[in-house]
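Asks: Just passing along the structure, written as structure tokens.
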Amino acid sequence: MIQAFHVYKQYDRESSALSDVTLHVAKGEFCFLTGASGAGKTTFLKLVFREELPTQGQILVGGRNVTAIPDGQIPELRRSIGVVFQDFKLLKRKTILENVAFVLRILAVPGREQKRRAFAALKAVGLHHKMHAYPMQLSGGEQQRVAIARALINEPMLLLADEPTGNLDPDMAQEIMALFREVNARGTTVLVATHDREMIQRMGKRVITLDHGRVVAG
Ligand SMILES: Nc1ncnc2c1ncn2[C@@H]1O[C@H](COP(=O)(O)OP(=O)(O)OP(=O)(O)O)[C@@H](O)[C@H]1O
Ligand SMILES: [Mg+2]
């Protein structure tokens with residue numbers, strides 16, 4: 001699902017965020033990306049999502065070379081990937097139900113179907129009772145769960161999550177991981193960037209470790 005070949009990313013001349021990263025994540029796999037703060041985890045996810053371009057190297061996602069696709073095809077790529085990033089950008093003026101349904105609106109899914117699926121996605125993260133609330137009325141952890149519901153609503157081929165449990169208490173973090181497992185069992189490939197060693201151990205999945213932008217294990 002993800003094939004990275006000798007990927008380098010330099011934001012500036014002095015330092016490299018990623019150096020010679022070659023890694024593969026198979027279709028249907030669930031794996032973690034870990035490493036100290038600044039190791040390059042978020043950068044790698046951004047490259048997969050084509051939010052950033054590598055300085056050198058190639059990345060294939062679902063067989064498509066995302067480093068070479070024309071800008072016009074980026075939206076289509078992104079629709080096939082669910083993302084939960086650290087700065088989860090919820091739309092402030094929309095209720096959380098509308099936030100989650102928004103993706104489907106773009107895909108021209110009929111209104112009733114949008115609502116039904118958005119409700120189901122909110123239910124899966126335990127927030128259906130707050131569906132008419134606005135993001136500002138929710139805690140950080142609740143907002144994060146909305147972002148997760150939004151990422152999953154379209155049953156993406158790939159889910160990228162950047163510290164998805166960072167704002168959550170341990171019980172909620174476990175529930176979210178259980179949800180990711182289910183999504184994975186239904187066929188979505190899952191890549192989770194995290195520092196949380198305990199969670200990684202509990203899950204017993206493959207772990208890719210970055211250190212100063214290089215793959216040191218995995
Ligand atoms: N937009 C940017 N401009 C310049 N440098 C950046 C940018 N984004 C990241 N970096 C640098 O690239 C390196 C890797 O950052 P990245 O955010 O990928 O690390 P990370 O592993 O996700 O860290 P954390 O665990 O703290 O989230 C860091 O040295 C960081 O300062
Ligand atoms: Mg990060």
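Each chain in the structure tokens gets a letter, A, B and so on, in the order shown; residues start at 1 in every chain, and ligands are counted from 1 in the order they appear.
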Mind listing the strand (DSSP E or B) residues of range 20-170 of chain A, per DSSP on the backbone, as number ranges by chain?

Replies: A: 20-25, 30-34, 56-61, 64-65, 81-84, 158-162

Asks: Taking only C-alpha atoms and all ligand atoms into account, list the residues no farther than 12 Å from ligand 1, as a ChimeraX atom specification.

Replies: /A:8-19,33-47,51-53,85-87,161-164,166,192-196,208-215

Asks: Between A:Gly57, A:Ile96, A:Met1, A:Gln114, which is the closest to Asp20 in chain A once you count only C-alpha atoms?

Replies: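 Residue with the minimum atom-to-atom distance to Asp20 in chain A: A:Gly57.
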
Asks: Contacts of range 138-145 of chain A at 10 Å or less, counting only C-alpha atoms, minus same-chain residues fewer than 3 places along, as a PyMOL selection string?

Replies: chain A and resi 84-90+96+121-122+124-127+130+133-135+148-151+164-169+172-173+176

Asks: Please identify all polymer residues within 10 Å of Thr188 in chain A, counting only C-alpha atoms, omitting same-chain residues fewer than 3 positions from it, and present them as a ChimeraX atom specification.

Replies: /A:1,27-30,81-82,152,155-159,180-185,191

Asks: For each of A:Met136, A:Leu107, A:Asn154, A:Thr95, take the minimum atom-to-atom distance to Ala120 in chain A, counting only C-alpha atoms, then give the residue where this is smallest.

Replies: A:Asn154

Asks: Mind listing the helix (DSSP H, G or I) residues of chain A, per DSSP on the backbone, as a ChimeraX atom specification?

Replies: /A:41-48,71-79,96-106,111-124,128-130,135-137,140-152,170-185,197-203
